[in-house]
Structure formats: C-alpha cells, structure tokens
Amino acid sequence: MMLTHGDWVTIVSCVLGSGATNVIVQHLLDWLEETRRREETPDGKACNCIIRHSALSMLKTVHRDAIARGWVPLDDLEEAQEIYDSYHTLGGNGAGTRIIHDLQTMDNYPSNQSE
C-alpha cells in the first residue's frame with residue numbers, strides 16, 4: 001500500500017498536534033544541557049586540560065622529528081593535522097597553530113642533493 005500526499009499531511013499533522021515534537025525537542029535540550037554541565041565540572045576541566053596538553057606534546061614531537069629530518073612525510077602531516085584539529089576544538093592556544101603552520105610549509109619529501 002502506497003501512502004498518498006494527503007496521508008502524509010495527516011500523519012505529520014497528527015504528530016505535530018500531539019505534542020510529541022515538544023517532548024523530543026525538550027529531551028534533546030535536556031541532554032545538551034547535561035553534557036554542557038558535565039564538561040564544566042572540575043573533573044571535566046581537568047580531563048580537557050590533560051588532553052589538550054597531550055595533543056600539544058604530540059604536535060611538538062612530530063615537529064621536532066620533521067625539523068631533525070629536514071622534511072615532513074605526508075602521513076606525519078596528516079596525523080599532525082588530525083591532532084591539531086582536536087587540540088583546537090578543545091580550546092588550544094596559538095602554540096599548536098604555529099606548529100601546524102610550520103609543518104604545512106615544510107617539504108613533504110627529502111631534498112635531492114647532488115654532489
């Protein structure tokens with residue numbers, strides 16, 4: 001059996017009129033508020049801080065290895081970008097931004113040195 005346009009209009013009207021939409025939206029808002037409150041607890045802030053500093057440390061390691069090598073492999077650059085994106089989302093400061101920009105400007109292959 002195929003529903004007609006009129007059947008769909010009736011179904012949508014019944015759902016909207018029943019208050020089910022309000023219940024769903026209120027449940028979603030309550031869930032978002034609880035998530036926000038959990039992140040603002042001292043434990044949540046401490047976890048955020050540790051994760052952010054760990055991400056910065058990983059970026060520094062990739063950067064240090066690239067500087068020593070003189071170039072950054074594409075795999076390392078992709079990994080650094082993923083770490084930076086997470087670091088930035090957690091509110092990391094400009095240190096990670098400077099590192100990722102430096103990595104992005106580096107060569108992705110060793111230079112050919114002819115003698």
# chains A, B, ... in the order shown; residues from 1 in each chain; ligands from 1
>>> residues_around(residues="Asn48 (chain A)", least_positions_apart="3", cutoff="9 Å", atoms="only C-alpha atoms", output="list in words")
Glu39, Asp43, Gly44, Lys45, Ile51, Arg52, His53, Leu90 and Gly91 of chain A
>>> write_last_selection(atoms="N, CA and C atoms", output="compact mmCIF listing (two decimals), in the first residue's frame")
# COMPACT_ATOMS: atom_id res chain seq x y z
N GLU A 39 30.88 18.91 31.30
CA GLU A 39 32.16 19.44 30.84
C GLU A 39 32.65 20.58 31.71
N ASP A 43 36.38 17.87 37.27
CA ASP A 43 36.93 16.69 36.60
C ASP A 43 36.93 16.86 35.08
N GLY A 44 35.85 17.40 34.55
CA GLY A 44 35.77 17.62 33.10
C GLY A 44 36.81 18.61 32.63
N LYS A 45 36.99 19.69 33.39
CA LYS A 45 38.01 20.69 33.03
C LYS A 45 39.40 20.09 33.10
N ILE A 51 44.16 16.42 28.10
CA ILE A 51 44.06 16.01 26.70
C ILE A 51 44.66 17.09 25.79
N ARG A 52 44.37 18.35 26.08
CA ARG A 52 44.90 19.45 25.28
C ARG A 52 46.44 19.48 25.35
N HIS A 53 46.99 19.32 26.54
CA HIS A 53 48.44 19.34 26.68
C HIS A 53 49.09 18.10 26.05
N LEU A 90 39.39 21.71 21.46
CA LEU A 90 39.43 21.75 22.93
C LEU A 90 39.85 23.10 23.47
N GLY A 91 40.14 24.04 22.59
CA GLY A 91 40.49 25.39 23.03
C GLY A 91 41.97 25.64 23.15
>>> residues_around(residues="Ile100 (chain A)", least_positions_apart="4", cutoff="12 Å", atoms="only C-alpha atoms", output="number ranges by chain")
A: 55-56, 58-64, 66, 72, 76-85, 87-88, 94-96, 104-106
>>> atom_distance(atom1="CA of Ile99 (chain A)", atom2="CA of Asp75 (chain A)")
16.0 Å
>>> closest_residue(among="A:Gly92, A:Glu33, A:Gly17, A:Gly70", to="Cys49 (chain A)", atoms="only C-alpha atoms")
A:Gly92
>>> closest_residue(among="A:Ser54, A:Ala46, A:Glu40, A:Tyr109", to="Leu74 (chain A)", atoms="only C-alpha atoms")
A:Tyr109
>>> select_by_dssp(residues="chain A", states="helix (DSSP H, G or I)", output="PyMOL selection string")
chain A and resi 5-17+20-39+42-69+74-89+94-105
>>> atom_distance(atom1="CA of Thr35 (chain A)", atom2="CA of Thr97 (chain A)")
27.4 Å
>>> decode(residues="region 79-104 of chain A", atoms="N, CA, C and O atoms", output="JSON list (two decimals), in the first residue's frame")
[["chain", "number", "residue", "atom", "x", "y", "z"],
["A", 79, "GLU", "N", 48.61, 13.13, 10.30],
["A", 79, "GLU", "CA", 48.43, 12.83, 11.72],
["A", 79, "GLU", "C", 48.47, 14.12, 12.54],
["A", 79, "GLU", "O", 47.64, 14.34, 13.41],
["A", 80, "ALA", "N", 49.42, 14.98, 12.22],
["A", 80, "ALA", "CA", 49.54, 16.26, 12.94],
["A", 80, "ALA", "C", 48.28, 17.11, 12.73],
["A", 80, "ALA", "O", 47.82, 17.76, 13.67],
["A", 81, "GLN", "N", 47.73, 17.09, 11.52],
["A", 81, "GLN", "CA", 46.52, 17.87, 11.25],
["A", 81, "GLN", "C", 45.35, 17.36, 12.08],
["A", 81, "GLN", "O", 44.58, 18.14, 12.64],
["A", 82, "GLU", "N", 45.20, 16.03, 12.18],
["A", 82, "GLU", "CA", 44.12, 15.45, 12.99],
["A", 82, "GLU", "C", 44.28, 15.83, 14.46],
["A", 82, "GLU", "O", 43.32, 16.19, 15.13],
["A", 83, "ILE", "N", 45.52, 15.74, 14.95],
["A", 83, "ILE", "CA", 45.79, 16.10, 16.34],
["A", 83, "ILE", "C", 45.49, 17.58, 16.55],
["A", 83, "ILE", "O", 44.86, 17.96, 17.54],
["A", 84, "TYR", "N", 45.94, 18.41, 15.62],
["A", 84, "TYR", "CA", 45.71, 19.86, 15.74],
["A", 84, "TYR", "C", 44.23, 20.19, 15.75],
["A", 84, "TYR", "O", 43.76, 21.01, 16.54],
["A", 85, "ASP", "N", 43.46, 19.56, 14.87],
["A", 85, "ASP", "CA", 42.02, 19.82, 14.81],
["A", 85, "ASP", "C", 41.36, 19.53, 16.17],
["A", 85, "ASP", "O", 40.54, 20.31, 16.65],
["A", 86, "SER", "N", 41.73, 18.41, 16.78],
["A", 86, "SER", "CA", 41.19, 18.07, 18.10],
["A", 86, "SER", "C", 41.67, 19.06, 19.15],
["A", 86, "SER", "O", 40.90, 19.53, 19.99],
["A", 87, "TYR", "N", 42.95, 19.39, 19.11],
["A", 87, "TYR", "CA", 43.55, 20.35, 20.04],
["A", 87, "TYR", "C", 42.84, 21.69, 19.95],
["A", 87, "TYR", "O", 42.47, 22.29, 20.96],
["A", 88, "HIS", "N", 42.60, 22.15, 18.73],
["A", 88, "HIS", "CA", 41.94, 23.43, 18.51],
["A", 88, "HIS", "C", 40.49, 23.39, 19.04],
["A", 88, "HIS", "O", 40.02, 24.34, 19.66],
["A", 89, "THR", "N", 39.79, 22.28, 18.80],
["A", 89, "THR", "CA", 38.43, 22.13, 19.28],
["A", 89, "THR", "C", 38.36, 22.22, 20.80],
["A", 89, "THR", "O", 37.41, 22.77, 21.36],
["A", 90, "LEU", "N", 39.39, 21.71, 21.46],
["A", 90, "LEU", "CA", 39.43, 21.75, 22.93],
["A", 90, "LEU", "C", 39.85, 23.10, 23.47],
["A", 90, "LEU", "O", 39.95, 23.29, 24.67],
["A", 91, "GLY", "N", 40.14, 24.04, 22.59],
["A", 91, "GLY", "CA", 40.49, 25.39, 23.03],
["A", 91, "GLY", "C", 41.97, 25.64, 23.15],
["A", 91, "GLY", "O", 42.39, 26.52, 23.90],
["A", 92, "GLY", "N", 42.77, 24.86, 22.44],
["A", 92, "GLY", "CA", 44.22, 25.06, 22.48],
["A", 92, "GLY", "C", 44.60, 26.46, 22.03],
["A", 92, "GLY", "O", 43.89, 27.10, 21.25],
["A", 93, "ASN", "N", 45.72, 26.94, 22.54],
["A", 93, "ASN", "CA", 46.16, 28.31, 22.23],
["A", 93, "ASN", "C", 46.96, 28.36, 20.93],
["A", 93, "ASN", "O", 46.98, 27.41, 20.16],
["A", 94, "GLY", "N", 47.68, 29.42, 20.72],
["A", 94, "GLY", "CA", 48.40, 29.63, 19.47],
["A", 94, "GLY", "C", 49.63, 28.76, 19.26],
["A", 94, "GLY", "O", 50.15, 28.69, 18.16],
["A", 95, "ALA", "N", 50.12, 28.09, 20.31],
["A", 95, "ALA", "CA", 51.32, 27.27, 20.15],
["A", 95, "ALA", "C", 51.09, 26.17, 19.11],
["A", 95, "ALA", "O", 51.92, 25.95, 18.23],
["A", 96, "GLY", "N", 49.98, 25.47, 19.20],
["A", 96, "GLY", "CA", 49.67, 24.41, 18.24],
["A", 96, "GLY", "C", 49.47, 24.97, 16.84],
["A", 96, "GLY", "O", 49.85, 24.35, 15.85],
["A", 97, "THR", "N", 48.89, 26.15, 16.75],
["A", 97, "THR", "CA", 48.67, 26.79, 15.45],
["A", 97, "THR", "C", 50.00, 27.11, 14.77],
["A", 97, "THR", "O", 50.17, 26.86, 13.58],
["A", 98, "ARG", "N", 50.94, 27.62, 15.54],
["A", 98, "ARG", "CA", 52.27, 27.91, 14.97],
["A", 98, "ARG", "C", 52.94, 26.64, 14.49],
["A", 98, "ARG", "O", 53.56, 26.62, 13.41],
["A", 99, "ILE", "N", 52.82, 25.57, 15.25],
["A", 99, "ILE", "CA", 53.45, 24.30, 14.87],
["A", 99, "ILE", "C", 52.83, 23.75, 13.59],
["A", 99, "ILE", "O", 53.55, 23.37, 12.66],
["A", 100, "ILE", "N", 51.50, 23.70, 13.50],
["A", 100, "ILE", "CA", 50.86, 23.12, 12.31],
["A", 100, "ILE", "C", 51.16, 23.97, 11.08],
["A", 100, "ILE", "O", 51.38, 23.43, 10.01],
["A", 101, "HIS", "N", 51.22, 25.29, 11.24],
["A", 101, "HIS", "CA", 51.53, 26.14, 10.09],
["A", 101, "HIS", "C", 52.95, 25.88, 9.62],
["A", 101, "HIS", "O", 53.22, 25.86, 8.41],
["A", 102, "ASP", "N", 53.87, 25.71, 10.55],
["A", 102, "ASP", "CA", 55.25, 25.42, 10.19],
["A", 102, "ASP", "C", 55.34, 24.08, 9.45],
["A", 102, "ASP", "O", 56.02, 23.96, 8.43],
["A", 103, "LEU", "N", 54.64, 23.06, 9.96],
["A", 103, "LEU", "CA", 54.64, 21.75, 9.31],
["A", 103, "LEU", "C", 54.04, 21.84, 7.91],
["A", 103, "LEU", "O", 54.54, 21.19, 6.98],
["A", 104, "GLN", "N", 52.99, 22.62, 7.75],
["A", 104, "GLN", "CA", 52.34, 22.74, 6.45],
["A", 104, "GLN", "C", 53.23, 23.40, 5.41],
["A", 104, "GLN", "O", 53.05, 23.19, 4.21]]
